[in-house]
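Before any comments, here is the structure.
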Amino acid sequence: MTFPDGTIAYDADGVVLAGDMTEDQVKACLAAGAKSWLYLNEECNKACPKAAVEAASVPFEMVPLMTPASLTNECVDKLVAYVDSAPKPAVIQCSTATRASIPYILHKAKTDKLPAASAMALAASMTPPLKFLEKPPLASAVKRALTHANRKPVIFRQLFDTSGSSTYTYLIADGPGGEAVLIDPVLEMVDRDLKLIDELGVKLKYAVNTHCHADHVTGSGAIKAARPEVRSIIAAASGAQADIKIGHGDRIEFGSMFLEVRATPGHTDGCLSYVCDDMVFTGDAVLIRGCGRTDFQQGSADRLYESVHTQIFSLPNDTIIYPAHDYKGHRCSTVGEEKALNPRLGSGKTKDEFVEIMANLNLPYPKKIDEALPKNMVCGIQEGMPTPA
Ligand SMILES: [Fe+2]
């Protein structure tokens, strides 16, 4: 099926994006097999093809999407529902095929369950890239529309381990009273975390680890002992025990939110990063201006470089990076910042240069590894196990 020049067909999804067309082009589009037609301008527009489309008995729908401000939640819902149910191939038309790409990405994000950062990255990686990205005000409006917090308040807390490991623990909850996840809890800080969870009135559903840590004992076991309804999660590839073992492409759902799971091995085999809205929790794969070491626990600099470049640096530059640790007082970074400034993984470093850097770090043997690893392989402290001094 060939659609006329000037249209952009995304065959896999049966979507054809178009700008203004001559009468002949409209006819050619219908002759090519268009089964539905969504028009994003107003009917008074001289190029409105309503008459010709309806004459061909093809359903014609108009949703004026004239400015970024038109992209209200109601409008988003209408567009998503339309593209979901529209007979395919579905033509989506505006004036320059720019706004026409918006219903398409909104629909993809919904059906493929993509967080905002992943959906925006997908839009940029399509052939050709979706044109709304060329207009910053439109791109911002689309990103906002794809972000959960645009619909419902999100509770987000970055917590720091003051007991010595400089670990960040992240609490994310689907609004007050909603379900929550805790990423990378630390044993010594469990009381603080549970107190905060109670104060905020959220329901902890999962204790999630980015990987099997070597520098601290996970709080997962102690949390489960205190709150038996909580389930622990870790990568199947870590070989560690947990209630739920996950891998690349999975979703961790809590309330109406979710974390998209991306495998980012290299620091360990079972390292996962989690994308939520426009944030990515990178564990030890990417640290601010650094990365996790690769000289123990199945570490591989080669794999880490690949993981970071394909799974983290492929996200939009404004995606916020929340690492598992920081030792210099930083809290977060962005993908763009680390691509430009990370002295190991970014700033134009090749894989060979990275491997060379990692091979020559000459780091001391981790202080807590002999205590932490055996405990973390069984989801932290279990009943009957001695607690650490
Ligand atoms: Fe680690």
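Each chain of the structure tokens is named A, B, ... in the order shown, its residues numbered from 1; ligands are numbered from 1 in display order.
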Would you give me, as CSV, each residue of chain A having an atom within 12 Å of an atom of ligand 1, along with its shortest atom pair and that distance in Å to one decimal, using only C-alpha atoms and all ligand atoms and sorting by chain and residue number?
```
residue,atom,partner,partner_atom_place_in_ligand_line,distance
A:Ser165,CA,ligand 1,1 (Fe),10.4
A:Ser166,CA,ligand 1,1 (Fe),11.4
A:Thr167,CA,ligand 1,1 (Fe),9.6
A:Tyr168,CA,ligand 1,1 (Fe),11.7
A:Asp184,CA,ligand 1,1 (Fe),10.3
A:Asn209,CA,ligand 1,1 (Fe),10.3
A:Thr210,CA,ligand 1,1 (Fe),8.5
A:His211,CA,ligand 1,1 (Fe),6.6
A:Cys212,CA,ligand 1,1 (Fe),6.8
A:His213,CA,ligand 1,1 (Fe),4.5
A:Ala214,CA,ligand 1,1 (Fe),5.5
A:Asp215,CA,ligand 1,1 (Fe),6.6
A:His216,CA,ligand 1,1 (Fe),8.7
A:Val217,CA,ligand 1,1 (Fe),10.8
A:Thr218,CA,ligand 1,1 (Fe),11.0
A:Ser238,CA,ligand 1,1 (Fe),11.6
A:Pro265,CA,ligand 1,1 (Fe),11.1
A:Gly266,CA,ligand 1,1 (Fe),10.5
A:His267,CA,ligand 1,1 (Fe),6.9
A:Thr268,CA,ligand 1,1 (Fe),7.5
A:Asp269,CA,ligand 1,1 (Fe),10.9
A:Gly270,CA,ligand 1,1 (Fe),10.3
A:Cys271,CA,ligand 1,1 (Fe),8.4
A:Leu272,CA,ligand 1,1 (Fe),11.0
A:Thr282,CA,ligand 1,1 (Fe),10.7
A:Gly283,CA,ligand 1,1 (Fe),7.2
A:Asp284,CA,ligand 1,1 (Fe),5.3
A:Ala285,CA,ligand 1,1 (Fe),8.3
A:Val286,CA,ligand 1,1 (Fe),10.7
A:Leu287,CA,ligand 1,1 (Fe),10.5
A:Cys291,CA,ligand 1,1 (Fe),9.6
A:Gly292,CA,ligand 1,1 (Fe),6.2
A:Arg293,CA,ligand 1,1 (Fe),7.7
A:Thr294,CA,ligand 1,1 (Fe),9.5
A:Asp295,CA,ligand 1,1 (Fe),11.2
A:Phe296,CA,ligand 1,1 (Fe),9.9
A:Gln297,CA,ligand 1,1 (Fe),8.9
A:Gln298,CA,ligand 1,1 (Fe),11.4
A:Gly299,CA,ligand 1,1 (Fe),10.1
A:Pro323,CA,ligand 1,1 (Fe),10.6
A:Ala324,CA,ligand 1,1 (Fe),7.9
A:His325,CA,ligand 1,1 (Fe),8.8
A:Asp326,CA,ligand 1,1 (Fe),11.8
A:Pro366,CA,ligand 1,1 (Fe),10.2
A:Lys368,CA,ligand 1,1 (Fe),11.2
A:Ile369,CA,ligand 1,1 (Fe),9.8
A:Ala372,CA,ligand 1,1 (Fe),10.6
A:Leu373,CA,ligand 1,1 (Fe),10.2
A:Asn376,CA,ligand 1,1 (Fe),11.1
```
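Distance check against Ala18 in chain A using only C-alpha atoms: of A:Val335, A:Val91, A:Leu106, A:Val63, the minimum falls on A:Val91.
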**Asked** Could you name the residues that touch range 37-44 of chain A at 8 Å or less, counting only C-alpha atoms, but leaving out those on the same chain fewer than 5 positions away, as a ChimeraX atom specification?
**Response** /A:50,53,58-66,90-95,99-100
Skipping near chain neighbours, those fewer than 5 positions away, what residues fall within 9 Å of His309 in chain A using only C-alpha atoms, listed as an mmCIF file with C-alpha atoms, in the first residue's frame?
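Done, and the output landed in around.cif:
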```cif
data_model
loop_
_atom_site.group_PDB
_atom_site.id
_atom_site.type_symbol
_atom_site.label_atom_id
_atom_site.label_comp_id
_atom_site.auth_asym_id
_atom_site.auth_seq_id
_atom_site.Cartn_x
_atom_site.Cartn_y
_atom_site.Cartn_z
ATOM 1 C CA LEU A 304 28.732 -1.409 31.301
ATOM 2 C CA SER A 314 19.505 6.915 24.576
ATOM 3 C CA LYS A 339 26.795 12.516 28.156
ATOM 4 C CA LEU A 345 31.371 7.225 30.072
ATOM 5 C CA GLY A 346 30.608 10.547 28.386
#
```
**Item:** Shortest interatomic distance to Leu361 in chain A - which of A:Leu133, A:Val308, A:Ala301, A:Ala145, counting only C-alpha atoms
**Value:**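 Of the candidates, the smallest distance to Leu361 in chain A is held by A:Ala301.
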**DSSP helix (DSSP H, G or I) residues within range 140-364 of chain A, listed as a PyMOL selection string** = chain A and resi 140-146+148-150+187-200+220-226+236-238+301-312+335-341+351-359
**Prompt:** Could you write out, as a PyMOL selection string, all the residues of range 168-358 of chain A that DSSP marks as strand (DSSP E)?
**Reply:** chain A and resi 168-173+179-183+203-208+231-235+244-246+251-254+257-263+272-276+279-283+320-323+333-334
With C-alpha atoms kept, could you save the residues just selected as a PDB file, in the first residue's frame?
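Writing done, so here's result06.pdb:
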```
ATOM      1  CA  TYR A 168      20.294   7.048  48.025  1.00  0.00           C
ATOM      2  CA  THR A 169      16.972   5.368  48.718  1.00  0.00           C
ATOM      3  CA  TYR A 170      14.019   6.606  46.686  1.00  0.00           C
ATOM      4  CA  LEU A 171      10.394   6.613  47.729  1.00  0.00           C
ATOM      5  CA  ILE A 172       7.858   7.069  44.943  1.00  0.00           C
ATOM      6  CA  ALA A 173       4.140   6.954  45.672  1.00  0.00           C
ATOM      7  CA  GLU A 179       0.730   2.626  46.601  1.00  0.00           C
ATOM      8  CA  ALA A 180       4.472   3.169  46.821  1.00  0.00           C
ATOM      9  CA  VAL A 181       7.831   1.651  45.961  1.00  0.00           C
ATOM     10  CA  LEU A 182      11.094   2.046  47.804  1.00  0.00           C
ATOM     11  CA  ILE A 183      14.183   1.744  45.626  1.00  0.00           C
ATOM     12  CA  LYS A 203       1.122   2.038  51.172  1.00  0.00           C
ATOM     13  CA  LEU A 204       4.467   0.422  50.509  1.00  0.00           C
ATOM     14  CA  LYS A 205       3.995  -2.311  47.912  1.00  0.00           C
ATOM     15  CA  TYR A 206       7.513  -3.179  46.787  1.00  0.00           C
ATOM     16  CA  ALA A 207      11.054  -2.931  48.119  1.00  0.00           C
ATOM     17  CA  VAL A 208      13.023  -2.792  44.887  1.00  0.00           C
ATOM     18  CA  ARG A 231       7.221  -7.823  48.403  1.00  0.00           C
ATOM     19  CA  SER A 232      10.891  -7.639  47.477  1.00  0.00           C
ATOM     20  CA  ILE A 233      12.110  -7.308  43.902  1.00  0.00           C
ATOM     21  CA  ILE A 234      15.487  -7.854  42.261  1.00  0.00           C
ATOM     22  CA  ALA A 235      16.794  -8.871  38.834  1.00  0.00           C
ATOM     23  CA  ILE A 244       9.673 -11.265  42.528  1.00  0.00           C
ATOM     24  CA  LYS A 245      12.484 -11.599  40.007  1.00  0.00           C
ATOM     25  CA  ILE A 246      12.378  -9.313  37.028  1.00  0.00           C
ATOM     26  CA  ARG A 251       6.951  -3.081  34.473  1.00  0.00           C
ATOM     27  CA  ILE A 252       6.728  -2.645  38.241  1.00  0.00           C
ATOM     28  CA  GLU A 253       3.214  -1.345  38.799  1.00  0.00           C
ATOM     29  CA  PHE A 254       2.060   0.558  41.876  1.00  0.00           C
ATOM     30  CA  MET A 257       2.186   4.402  38.164  1.00  0.00           C
ATOM     31  CA  PHE A 258       4.901   2.059  36.980  1.00  0.00           C
ATOM     32  CA  LEU A 259       8.637   1.695  36.647  1.00  0.00           C
ATOM     33  CA  GLU A 260       9.931   0.552  33.276  1.00  0.00           C
ATOM     34  CA  VAL A 261      12.733  -1.962  33.807  1.00  0.00           C
ATOM     35  CA  ARG A 262      15.902  -1.651  31.731  1.00  0.00           C
ATOM     36  CA  ALA A 263      18.744  -4.144  32.044  1.00  0.00           C
ATOM     37  CA  LEU A 272      18.708  -2.796  36.467  1.00  0.00           C
ATOM     38  CA  SER A 273      17.752   0.815  35.833  1.00  0.00           C
ATOM     39  CA  TYR A 274      14.202   1.999  36.324  1.00  0.00           C
ATOM     40  CA  VAL A 275      12.516   4.686  34.223  1.00  0.00           C
ATOM     41  CA  CYS A 276       9.586   6.544  35.773  1.00  0.00           C
ATOM     42  CA  MET A 279      13.414  10.210  35.708  1.00  0.00           C
ATOM     43  CA  VAL A 280      15.786   7.245  35.538  1.00  0.00           C
ATOM     44  CA  PHE A 281      17.102   5.456  38.614  1.00  0.00           C
ATOM     45  CA  THR A 282      20.447   4.139  37.464  1.00  0.00           C
ATOM     46  CA  GLY A 283      21.727   2.241  40.495  1.00  0.00           C
ATOM     47  CA  ILE A 320      16.833  13.270  35.332  1.00  0.00           C
ATOM     48  CA  ILE A 321      19.375  10.727  36.555  1.00  0.00           C
ATOM     49  CA  TYR A 322      19.006   9.571  40.151  1.00  0.00           C
ATOM     50  CA  PRO A 323      21.977   7.349  41.079  1.00  0.00           C
ATOM     51  CA  SER A 333      22.101  14.857  37.137  1.00  0.00           C
ATOM     52  CA  THR A 334      20.631  14.599  33.655  1.00  0.00           C
TER      53      THR A 334
END
```
**Request:** Find the residues around Lys46 in chain A up to 12 Å (only C-alpha atoms counted), leave out those fewer than 5 positions away in its own chain, and share them as a list in words.
**Result:** Asp20, Met21, Thr22, Glu23, Asn41, Ala51 and Ser95 of chain A
**Asked** Could you name the residues that touch Leu315 in chain A at 7 Å or less, counting only C-alpha atoms, but leaving out those on the same chain fewer than 3 positions away, as a list in words?
**Response** Ala117, Ser118, Ala121, Ile312, Thr319 and Val335 of chain A
Export, as a PDB file, in the first residue's frame, the selected residues with N, CA and C atoms.
```
ATOM      1  N   ALA A 117       9.921   9.573  29.418  1.00  0.00           N
ATOM      2  CA  ALA A 117      11.271   9.617  28.845  1.00  0.00           C
ATOM      3  C   ALA A 117      11.428   8.594  27.721  1.00  0.00           C
ATOM      4  N   SER A 118      10.892   7.402  27.907  1.00  0.00           N
ATOM      5  CA  SER A 118      11.027   6.362  26.886  1.00  0.00           C
ATOM      6  C   SER A 118      10.196   6.690  25.651  1.00  0.00           C
ATOM      7  N   ALA A 121      12.003   9.315  23.705  1.00  0.00           N
ATOM      8  CA  ALA A 121      13.160   8.715  23.024  1.00  0.00           C
ATOM      9  C   ALA A 121      12.693   7.920  21.805  1.00  0.00           C
ATOM     10  N   ILE A 312      20.710   4.152  28.788  1.00  0.00           N
ATOM     11  CA  ILE A 312      20.592   5.400  29.569  1.00  0.00           C
ATOM     12  C   ILE A 312      20.823   6.617  28.665  1.00  0.00           C
ATOM     13  N   THR A 319      16.209  13.974  30.716  1.00  0.00           N
ATOM     14  CA  THR A 319      15.822  12.939  31.681  1.00  0.00           C
ATOM     15  C   THR A 319      16.702  13.074  32.935  1.00  0.00           C
ATOM     16  N   VAL A 335      20.677  13.166  31.742  1.00  0.00           N
ATOM     17  CA  VAL A 335      21.325  12.378  30.693  1.00  0.00           C
ATOM     18  C   VAL A 335      22.245  13.276  29.863  1.00  0.00           C
TER      19      VAL A 335
END
```
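When CA of Pro136 in chain A is paired with CA of Asp278 in chain A, their separation reads 16.2 Å.
Counting only C-alpha atoms and comparing A:Glu337, A:Gly380, A:Thr96, A:Ala55, the residue that lies closest to Pro185 in chain A is A:Gly380.
Across the structure, CA of Val83 in chain A and CA of Gly175 in chain A are spaced 28.9 Å apart.
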**Message:** Restricting the calculation to only C-alpha atoms: of A:Cys29, A:Met358, A:Val76, A:Met126, which residue gets closest to Asp13 in chain A?
**Reply:**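 Smallest separation from Asp13 in chain A among the options: A:Met126.
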**Ser101 in chain A surroundings by only C-alpha atoms, 7 Å radius, close-in-sequence under 4 positions cut, as number ranges by chain** = A: 17, 97, 105, 130-132
**Asked** With only C-alpha atoms as the basis for distance, which of A:Leu114, A:Ile357, A:Ile8, A:Leu363 is at the shortest distance from Gly249 in chain A?
**Response**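 Under the stated criterion, the closest residue is A:Leu114.
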